[in-house]
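First the structure, in the form of structure tokens, and then the observations on it.
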Amino acid sequence: MKSAIIVFVAIGTAFILLDTATSIVPIKCFVCNSFHQADCADWFDNVTQHLVRCPDGYRMCRKVVQEVWLDDHWDVRYIRQCAADGVIGDRQGRHCQERYGSYNVRMRYCHCDNQDGCNSAPALMPSGGFHQFLPLVVTLIASFMPYILTWR
């Protein structure tokens, strides 16, 4: 019985250590600007762009949609980049923040950190799922194992 408890505690500890180790790995983001690269605009085709590993200290991806009223039309640019900080909007960054400036300028920017390449497009993104709670579940089971094994 003691060996079963030790195995469950070891598995729980391993999951926690692995989860911590994988969170240290820098995120990969799409880095491009539609001013220079037409395929950076929406609808974004992630086959034509490559993921870039973000530098140390950059923990999320950003997508900026910049609109400027110029010569009787809206000139729109898309900028995708790594970000050191920012506010992640509702639903894993699918809701963007909007800002309006003087001289007919408006910007929408979104931040995300839930998966590599999350700044690709406004499509639905997975929300993390059960795997992020697995270490906690295993640890709780291991903690209550003595009581579970002695129930009759």
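Please note that chains go A, B, ... in the order of the structure tokens, that every chain numbers its residues from 1, and that ligands are numbered from 1 in the order shown.
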
Can you check which parts of region 54-108 of chain A lie within 8 Å of region 36-44 of chain A? Per residue, the shortest pair of atoms and distance in Å to one decimal, counting only C-alpha atoms, sorted by chain and number, as JSON lines.
```
{"residue": "A:Arg77", "atom": "CA", "partner": "A:Ala41", "partner_atom": "CA", "distance": 7.1}
{"residue": "A:Tyr78", "atom": "CA", "partner": "A:Ala41", "partner_atom": "CA", "distance": 5.3}
{"residue": "A:Ile79", "atom": "CA", "partner": "A:Cys40", "partner_atom": "CA", "distance": 7.4}
{"residue": "A:Arg80", "atom": "CA", "partner": "A:Cys40", "partner_atom": "CA", "distance": 7.7}
```

List the spatial neighbours of Ser120 (chain A) as a ChimeraX atom specification - criterion: any atom at most 12 Å away, only C-alpha atoms, same-chain residues fewer than 4 positions off excluded. /A:28-32,39-51,61-64,78-82,93-94,110-112,115-116,124-125

In Å, how far is it from CA of Val52 (chain A) to CA of Gly117 (chain A)?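 It comes out at 8.7 Å.
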
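CA of Ala84 (chain A) is positioned 23.4 Å from CA of Gly101 (chain A).
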
Counting only C-alpha atoms, what is within 10 Å of region 70-73 of chain A, bar same-chain residues fewer than 3 positions away, as a VMD selection string? chain A and resid 67 76 103 to 105

What is the CA of Val87 (chain A) to CA of Phe35 (chain A) distance in Å?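 Between these atoms lies a distance of 25.0 Å.
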
To test your reading of the structure, identify every residue in region 31-85 of chain A that backbone DSSP assigns to strand (DSSP E), and report it as a VMD selection string. chain A and resid 32 to 33 51 to 53 60 to 70 73 to 83

Write the selection just made, keeping N, CA, C and O atoms, as an mmCIF file, in the first residue's frame?
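And here is the file that came out, again.cif:
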```
data_model
loop_
_atom_site.group_PDB
_atom_site.id
_atom_site.type_symbol
_atom_site.label_atom_id
_atom_site.label_comp_id
_atom_site.auth_asym_id
_atom_site.auth_seq_id
_atom_site.Cartn_x
_atom_site.Cartn_y
_atom_site.Cartn_z
ATOM 1 N N CYS A 32 5.522 39.678 -38.693
ATOM 2 C CA CYS A 32 5.459 40.219 -40.046
ATOM 3 C C CYS A 32 4.712 41.543 -40.024
ATOM 4 O O CYS A 32 4.117 41.918 -39.022
ATOM 5 N N ASN A 33 4.759 42.261 -41.152
ATOM 6 C CA ASN A 33 4.104 43.549 -41.299
ATOM 7 C C ASN A 33 3.534 43.610 -42.712
ATOM 8 O O ASN A 33 4.266 43.425 -43.689
ATOM 9 N N LEU A 51 6.838 30.691 -38.007
ATOM 10 C CA LEU A 51 6.869 31.025 -36.588
ATOM 11 C C LEU A 51 8.286 31.393 -36.180
ATOM 12 O O LEU A 51 9.248 30.779 -36.620
ATOM 13 N N VAL A 52 8.398 32.384 -35.331
ATOM 14 C CA VAL A 52 9.684 32.853 -34.831
ATOM 15 C C VAL A 52 9.691 32.660 -33.322
ATOM 16 O O VAL A 52 8.746 33.046 -32.631
ATOM 17 N N ARG A 53 10.755 32.060 -32.799
ATOM 18 C CA ARG A 53 10.876 31.917 -31.348
ATOM 19 C C ARG A 53 11.162 33.298 -30.774
ATOM 20 O O ARG A 53 12.105 33.970 -31.166
ATOM 21 N N MET A 60 4.342 36.582 -24.833
ATOM 22 C CA MET A 60 3.066 36.497 -25.537
ATOM 23 C C MET A 60 3.205 37.009 -26.961
ATOM 24 O O MET A 60 4.241 37.565 -27.331
ATOM 25 N N CYS A 61 2.162 36.773 -27.745
ATOM 26 C CA CYS A 61 2.125 37.232 -29.129
ATOM 27 C C CYS A 61 1.156 38.409 -29.223
ATOM 28 O O CYS A 61 0.228 38.523 -28.432
ATOM 29 N N ARG A 62 1.386 39.249 -30.226
ATOM 30 C CA ARG A 62 0.535 40.423 -30.433
ATOM 31 C C ARG A 62 0.161 40.508 -31.903
ATOM 32 O O ARG A 62 0.954 40.215 -32.785
ATOM 33 N N LYS A 63 -1.058 40.934 -32.133
ATOM 34 C CA LYS A 63 -1.527 41.267 -33.478
ATOM 35 C C LYS A 63 -2.110 42.667 -33.414
ATOM 36 O O LYS A 63 -2.937 42.960 -32.555
ATOM 37 N N VAL A 64 -1.652 43.546 -34.305
ATOM 38 C CA VAL A 64 -2.118 44.928 -34.346
ATOM 39 C C VAL A 64 -2.751 45.178 -35.710
ATOM 40 O O VAL A 64 -2.166 44.822 -36.734
ATOM 41 N N VAL A 65 -3.938 45.761 -35.708
ATOM 42 C CA VAL A 65 -4.580 46.205 -36.941
ATOM 43 C C VAL A 65 -4.636 47.720 -36.854
ATOM 44 O O VAL A 65 -5.316 48.280 -35.998
ATOM 45 N N GLN A 66 -3.895 48.370 -37.734
ATOM 46 C CA GLN A 66 -3.766 49.825 -37.709
ATOM 47 C C GLN A 66 -4.489 50.390 -38.928
ATOM 48 O O GLN A 66 -4.202 50.002 -40.057
ATOM 49 N N GLU A 67 -5.422 51.303 -38.693
ATOM 50 C CA GLU A 67 -6.181 51.908 -39.791
ATOM 51 C C GLU A 67 -5.987 53.419 -39.766
ATOM 52 O O GLU A 67 -6.145 54.053 -38.723
ATOM 53 N N VAL A 68 -5.642 53.979 -40.913
ATOM 54 C CA VAL A 68 -5.417 55.409 -41.041
ATOM 55 C C VAL A 68 -6.229 55.913 -42.238
ATOM 56 O O VAL A 68 -6.160 55.336 -43.326
ATOM 57 N N TRP A 69 -7.027 56.974 -42.024
ATOM 58 C CA TRP A 69 -7.797 57.567 -43.113
ATOM 59 C C TRP A 69 -6.845 58.413 -43.950
ATOM 60 O O TRP A 69 -6.275 59.387 -43.483
ATOM 61 N N LEU A 70 -6.614 57.991 -45.190
ATOM 62 C CA LEU A 70 -5.610 58.620 -46.038
ATOM 63 C C LEU A 70 -6.127 58.664 -47.463
ATOM 64 O O LEU A 70 -6.508 57.621 -48.022
ATOM 65 N N HIS A 73 -9.693 57.065 -48.169
ATOM 66 C CA HIS A 73 -9.929 55.644 -47.905
ATOM 67 C C HIS A 73 -9.147 55.235 -46.646
ATOM 68 O O HIS A 73 -8.222 55.921 -46.232
ATOM 69 N N TRP A 74 -9.569 54.113 -46.056
ATOM 70 C CA TRP A 74 -8.872 53.594 -44.887
ATOM 71 C C TRP A 74 -7.695 52.744 -45.350
ATOM 72 O O TRP A 74 -7.864 51.752 -46.046
ATOM 73 N N ASP A 75 -6.496 53.147 -44.990
ATOM 74 C CA ASP A 75 -5.287 52.359 -45.243
ATOM 75 C C ASP A 75 -5.098 51.451 -44.034
ATOM 76 O O ASP A 75 -4.967 51.927 -42.904
ATOM 77 N N VAL A 76 -5.115 50.142 -44.253
ATOM 78 C CA VAL A 76 -5.073 49.172 -43.164
ATOM 79 C C VAL A 76 -3.756 48.408 -43.210
ATOM 80 O O VAL A 76 -3.337 47.923 -44.271
ATOM 81 N N ARG A 77 -3.128 48.292 -42.058
ATOM 82 C CA ARG A 77 -1.894 47.505 -41.931
ATOM 83 C C ARG A 77 -2.062 46.510 -40.799
ATOM 84 O O ARG A 77 -2.688 46.795 -39.785
ATOM 85 N N TYR A 78 -1.451 45.346 -40.991
ATOM 86 C CA TYR A 78 -1.462 44.284 -39.987
ATOM 87 C C TYR A 78 -0.033 44.056 -39.535
ATOM 88 O O TYR A 78 0.861 43.883 -40.357
ATOM 89 N N ILE A 79 0.141 44.049 -38.233
ATOM 90 C CA ILE A 79 1.470 43.835 -37.658
ATOM 91 C C ILE A 79 1.353 42.685 -36.664
ATOM 92 O O ILE A 79 0.510 42.715 -35.769
ATOM 93 N N ARG A 80 2.162 41.670 -36.831
ATOM 94 C CA ARG A 80 2.192 40.519 -35.927
ATOM 95 C C ARG A 80 3.588 40.467 -35.327
ATOM 96 O O ARG A 80 4.575 40.589 -36.046
ATOM 97 N N GLN A 81 3.663 40.283 -34.001
ATOM 98 C CA GLN A 81 4.965 40.366 -33.340
ATOM 99 C C GLN A 81 4.931 39.677 -31.980
ATOM 100 O O GLN A 81 3.873 39.322 -31.464
ATOM 101 N N CYS A 82 6.120 39.523 -31.401
ATOM 102 C CA CYS A 82 6.256 39.048 -30.028
ATOM 103 C C CYS A 82 5.998 40.237 -29.100
ATOM 104 O O CYS A 82 6.235 41.383 -29.476
ATOM 105 N N ALA A 83 5.518 39.946 -27.894
ATOM 106 C CA ALA A 83 5.219 41.023 -26.955
ATOM 107 C C ALA A 83 5.739 40.657 -25.570
ATOM 108 O O ALA A 83 5.588 39.522 -25.122
#
```

Taking the chain letters and numbering used in this document, name the residues of region 9-119 of chain A that DSSP puts in helix (DSSP H, G or I), as a PyMOL selection string. chain A and resi 9-24+38-40+90-93
